[in-house]
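*Asks:* So that we are looking at the same thing, I have put the structure below in structure tokens.
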There are 2 protein chains.
Amino acid sequence: MTAAGQVEAQVRELPRPYLLFLGDNVDPNYAKTAFGLRDWAGELCIGEYALPGATTTTGLPVLTPAEAAAKGARSLVIGVVVSGGMISPKWIPTLIEAIEAGLDIVSGMHARLVDIPELKAAADRAGRALIDIRTPPRNLPVGKGLKRGGKRLLTVGTDCALGKKYTALAIARGLKARGLDVDFRATGQTGIMIAGRGIPMDAVVGDFISGAAEILSPDAAPDHWDVIEGQASLFHPSYAGVSLGLLHGSQPDVFVICHEAGRTTTMGHPTYPLPSIEEVMDLTIRQGSRTNKVIRCAGVSLNTAKLGPEEAEAVIAAECDRLGMPVADPMRPGPAFEKLLDACIA
Amino acid sequence: MTAAGQVEAQVRELPRPYLLFLGDNVDPNYAKTAFGLRDWAGELCIGEYALPGATTTTGLPVLTPAEAAAKGARSLVIGVVVSGGMISPKWIPTLIEAIEAGLDIVSGMHARLVDIPELKAAADRAGRALIDIRTPPRNLPVGKGLKRGGKRLLTVGTDCALGKKYTALAIARGLKARGLDVDFRATGQTGIMIAGRGIPMDAVVGDFISGAAEILSPDAAPDHWDVIEGQASLFHPSYAGVSLGLLHGSQPDVFVICHEAGRTTTMGHPTYPLPSIEEVMDLTIRQGSRTNKVIRCAGVSLNTAKLGPEEAEAVIAAECDRLGMPVADPMRPGPAFEKLLDACIA
């Protein structure tokens with residue numbers, strides 16, 4: 001591992017506060033980054049801005065780039081996605097307006113800001129930065145597999161997009177509230193924007209996934225906790241390699257299994273039934289024990305966003321009885337979630 | 001998958017014959033590329049060249065770049081690796097010497113030749129090519145997980161550098177000799193240099209590993225065999241993510257477990273004991289069945305290079321009895337290997 005890579009990976013402080021850009025979005029499902037930032041880094045989001053015709057809102061004050069800059073914003077964050085991960089040509093004039101207003105631009109898209117000549121030219125003229133979150137640090141190391149100090153928790157899942165990031169954020173927040181020394185470690189673009197640093201694990205070359213995970217949660221004090229955002233699933237036909245490299249490199253002492261109540265097939269792969277929670281637990285322990293023999297499952301994070309309060313409570317209680325371990329929806333704070341936190345640090 | 005990506009992935013013509021460069025290597029375990037080219041594309045390797053202090057040799061004639069060029073060599077191939085895939089600064093003067101002697105440079109390192117200014121300048125001056133095998137095709141797809149026509153065999157391992165490539169090459173050659181329609185599918189730099197095409201699986205971004213494996217062995221006739229070069233091991237603390245993505249995307253019907261007789265710890269990771277062959281079989285079936293329910297193990301390829309003929313025969317027979325399945329060293333042709341081939345196509 002070169003010092004350069006380590007520094008770059010660990011010190012990726014994004015310019016904040018943010019102005020959230022909603023583009024021309026009309027479907028909240030494609031604005032998860034904006035909502036994630038509002039919910040988990042709200043104090044660092046001073047406003048939102050959208051194009052005419054957009055209907056999605058975070059409820060934050062509407063500010064033009066110039067107004068946001070005047071109020072102290074340091075960057076405009078693209079808070080929406082379009083299919084294909086492209087940067088919509090419709091957004092370019094606003095991004096240039098933001099650059100000329102003195103803001104850096106932060107993007108988690110697959111397509112890179114720096115590859116758009118007009119943006120590059122505008123940023124060079126104005127001396128602003130184009131920050132592509134999905135570009136991983138250079139000089140990532142190969143995994144060493146050596147034990148590091150400190151405690152680590154990883155969220156794993158039965159599938160993609162069912163709450164691994166929110167679960168890690170909620171657990172980190174809950175453990176902090178108990179006075180523990182905790183860092184949330186981000187592995188995806190929204191998490192990196194929230195934490196202000198991290199490594200986009202799904203953009204790392206295969207040979208370096210576990211090495212990237214190792215430097216993401218470096219050696220720490222014995223009572224320090226890293227709560228690491230999981231990616232995908234060991235059972236996912238497209239992305240399992242990322243999940244395994246992240247598991248091996250993170251060397252978690254504890255993992256929490258994330259699942260969405262009622263989801264039965266893999267998102268985008270209807271011929272692939274979801275694994276059971278027991279299968280995920282068993283395979284995660286089996287694979288994770290290769291780099292940390294004491295790995296254990298603390299419980300289940302059950303996404304019940306599509307259920308009403310009573311129904312959610314009933315499903316959570318039933319799963320808790322069935323599995324004989326703590327089950328909670330971190331988005332519904334209360335005794336169940338506190339029990340899950342107890343089990344994490346037991 | 002874009003047609004462009006598919007074409008680029010499947011067509012990769014390299015300038016041959018080669019001069020093999022051994023750098024300052026003193027550990028044959030890190031000279032897999034040179035030995036692989038000697039053994040499987042020997043007619044295309046006209047010599048070797050090393051730096052003072054190097055002790056590894058392929059036994060090919062020692063030729064300077066100028067002598068090799070005079071004898072018809074078209075490229076110098078870097079035949080050794082260092083951990084992390086860097087290009088040693090000690091090698092640069094020789095690489096420039098080769099460029100100035102009229103040779104292209106072929107490298108399978110992670111670090112790219114084209115990113116080294118002195119090399120780039122020398123190549124531009126001399127009108128030579130810097131060919132980075134490990135630069136994967138553009139526009140690789142995400143894995144679809146859909147069943148493809150044809151039969152597939154994947155070599156898997158208890159560790160790195162113990163015969164997965166040689167085993168796949170020998171099985172492909174053996175099945176061809178039986179009149180079957182077979183393609184060897186290369187996934188590493190040496191295999192690609194031997195086959196003249198392929199995808200450097202360990203250089204593919206995590207999200208696209210299984211997708212790359214899918215296009216590497218595309219839909220084929222029912223009786224066509226793809227014999228796919230495995231990478232690393234599901235148990236390797238650094239590289240298991242690549243192994244899992246390759247397993248999922250290859251959807252093998254059959255796998256052969258590669259092991260080196262007497263190796264007990266993971267190469268470069270002495271604190272990691274090797275998994276048993278039974279553990280590898282069990283976990284490979286378990287994870288491989290996610291994308292191909294009929295996956296089965298045909299037997300074991302046992303690397304006995306460090307043993308004499310009688311000792312090797314005894315070890316192979318003992319393992320065959322112990323495991324109750326075909327065990328052979330593909331480098332020692334004979335009845336045992338023919339039994340392994342029988343089991344592959346049974």
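Labeling convention for the structure tokens: chains A, B, ... as they appear, residues from 1 per chain, ligands from 1 in order of appearance.
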Return as number ranges by chain the residues belonging to chain A that are within 8 Å of chain B, counting only C-alpha atoms.
*Replies:* A: 141-145, 201-211, 235, 237-245, 248-249, 269, 287, 290-291
*Asks:* After fitting chain A to chain B over all Cα atoms matched in order, what RMSD is left?
*Replies:*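 Computed value for the CA RMSD is 1.7 Å.
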*Asks:* Would you list, as an NGL selection string, the residues of range 199-251 of chain B that end up in helix (DSSP H, G or I) under DSSP run on this structure's backbone?
*Replies:* :B and (201-203 or 206-216 or 240-250)
*Asks:* Could you pull the residues within 7 Å of range 254-260 of chain B, counting only C-alpha atoms, minus those fewer than 3 positions along the same chain, as a list of chain:residue names?
*Replies:*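 That gives B:Arg152, B:Leu153, B:Leu154, B:Thr155, B:Val156, B:Gly157, B:Thr158, B:Leu162, B:Gly163, B:Lys164, B:Arg263, B:Ile295, B:Arg296, B:Cys297, B:Ala298, B:Gly299, B:Val300, B:Ser301, B:Leu302, B:Asn303, B:Thr304, B:Cys344.
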*Asks:* Would you mind exporting N, CA, C and O atoms of the selected residues as a compact mmCIF listing (two decimals), in the first residue's frame?
*Replies:*
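Listed below is the output, again.txt:
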# COMPACT_ATOMS: atom_id res chain seq x y z
N ARG B 152 -19.93 -25.89 -20.09
CA ARG B 152 -18.83 -25.10 -19.54
C ARG B 152 -18.13 -25.83 -18.42
O ARG B 152 -18.77 -26.45 -17.57
N LEU B 153 -16.80 -25.74 -18.45
CA LEU B 153 -15.96 -26.30 -17.39
C LEU B 153 -15.09 -25.18 -16.84
O LEU B 153 -14.51 -24.41 -17.62
N LEU B 154 -15.03 -25.07 -15.52
CA LEU B 154 -14.21 -24.06 -14.87
C LEU B 154 -13.20 -24.74 -13.95
O LEU B 154 -13.55 -25.68 -13.23
N THR B 155 -11.95 -24.28 -14.00
CA THR B 155 -10.98 -24.78 -13.03
C THR B 155 -11.00 -23.85 -11.81
O THR B 155 -10.98 -22.63 -11.95
N VAL B 156 -11.08 -24.45 -10.64
CA VAL B 156 -11.07 -23.68 -9.39
C VAL B 156 -9.87 -24.15 -8.57
O VAL B 156 -9.23 -25.16 -8.91
N GLY B 157 -9.58 -23.45 -7.47
CA GLY B 157 -8.36 -23.82 -6.76
C GLY B 157 -8.42 -23.66 -5.26
O GLY B 157 -9.31 -22.99 -4.73
N THR B 158 -7.45 -24.28 -4.60
CA THR B 158 -7.27 -24.07 -3.16
C THR B 158 -6.44 -22.82 -2.91
O THR B 158 -6.35 -22.36 -1.77
N LEU B 162 -1.19 -22.42 -8.75
CA LEU B 162 -0.93 -23.85 -8.57
C LEU B 162 -1.45 -24.71 -9.71
O LEU B 162 -1.50 -25.93 -9.60
N GLY B 163 -1.90 -24.08 -10.81
CA GLY B 163 -2.21 -24.87 -11.98
C GLY B 163 -3.59 -24.73 -12.60
O GLY B 163 -3.97 -25.56 -13.43
N LYS B 164 -4.34 -23.72 -12.24
CA LYS B 164 -5.68 -23.57 -12.82
C LYS B 164 -5.62 -23.32 -14.33
O LYS B 164 -6.43 -23.85 -15.09
N ARG B 263 1.28 -28.25 -0.55
CA ARG B 263 1.09 -26.85 -0.14
C ARG B 263 0.06 -26.81 0.98
O ARG B 263 -1.01 -27.38 0.87
N ILE B 295 -24.38 -27.95 -11.41
CA ILE B 295 -22.91 -27.92 -11.29
C ILE B 295 -22.43 -29.16 -10.53
O ILE B 295 -23.05 -29.61 -9.57
N ARG B 296 -21.31 -29.72 -11.02
CA ARG B 296 -20.73 -30.90 -10.35
C ARG B 296 -19.21 -30.84 -10.44
O ARG B 296 -18.65 -30.19 -11.30
N CYS B 297 -18.56 -31.58 -9.52
CA CYS B 297 -17.11 -31.66 -9.51
C CYS B 297 -16.67 -32.93 -10.24
O CYS B 297 -17.13 -34.03 -9.92
N ALA B 298 -15.80 -32.78 -11.25
CA ALA B 298 -15.35 -33.94 -12.03
C ALA B 298 -14.15 -34.61 -11.37
O ALA B 298 -13.91 -35.80 -11.59
N GLY B 299 -13.41 -33.87 -10.58
CA GLY B 299 -12.23 -34.45 -9.95
C GLY B 299 -11.21 -33.39 -9.59
O GLY B 299 -11.53 -32.20 -9.54
N VAL B 300 -9.99 -33.87 -9.36
CA VAL B 300 -8.93 -33.01 -8.84
C VAL B 300 -7.73 -33.01 -9.77
O VAL B 300 -7.32 -34.06 -10.28
N SER B 301 -7.20 -31.81 -10.01
CA SER B 301 -5.94 -31.66 -10.72
C SER B 301 -4.86 -31.38 -9.69
O SER B 301 -4.88 -30.33 -9.04
N LEU B 302 -3.98 -32.36 -9.50
CA LEU B 302 -2.96 -32.25 -8.44
C LEU B 302 -1.61 -31.91 -9.06
O LEU B 302 -1.07 -32.68 -9.86
N ASN B 303 -1.10 -30.73 -8.69
CA ASN B 303 0.20 -30.28 -9.18
C ASN B 303 1.29 -30.99 -8.39
O ASN B 303 1.48 -30.76 -7.19
N THR B 304 2.00 -31.90 -9.07
CA THR B 304 3.06 -32.68 -8.40
C THR B 304 4.45 -32.32 -8.95
O THR B 304 5.38 -33.15 -8.91
N CYS B 344 -15.00 -35.45 -16.74
CA CYS B 344 -15.40 -34.10 -17.14
C CYS B 344 -16.59 -34.15 -18.10
O CYS B 344 -17.52 -33.34 -18.00
*Asks:* Where does DSSP see strand (DSSP E or B) in range 135-177 of chain B, if you list the residues as a PyMOL selection string?
*Replies:* chain B and resi 151-157
*Asks:* For Ala172 in chain A, please output as a PDB file with C-alpha atoms, in the first residue's frame all residues within 8 Å (counting only C-alpha atoms; exclusion window: fewer than 5 positions along the same chain).
*Replies:*
ATOM      1  CA  VAL A 182     -18.022   5.026  16.080  1.00  0.00           C
ATOM      2  CA  ASP A 183     -17.266   5.752  12.438  1.00  0.00           C
ATOM      3  CA  PHE A 184     -19.711   5.085   9.619  1.00  0.00           C
ATOM      4  CA  VAL A 227     -19.930   0.436  11.021  1.00  0.00           C
TER       5      VAL A 227
END
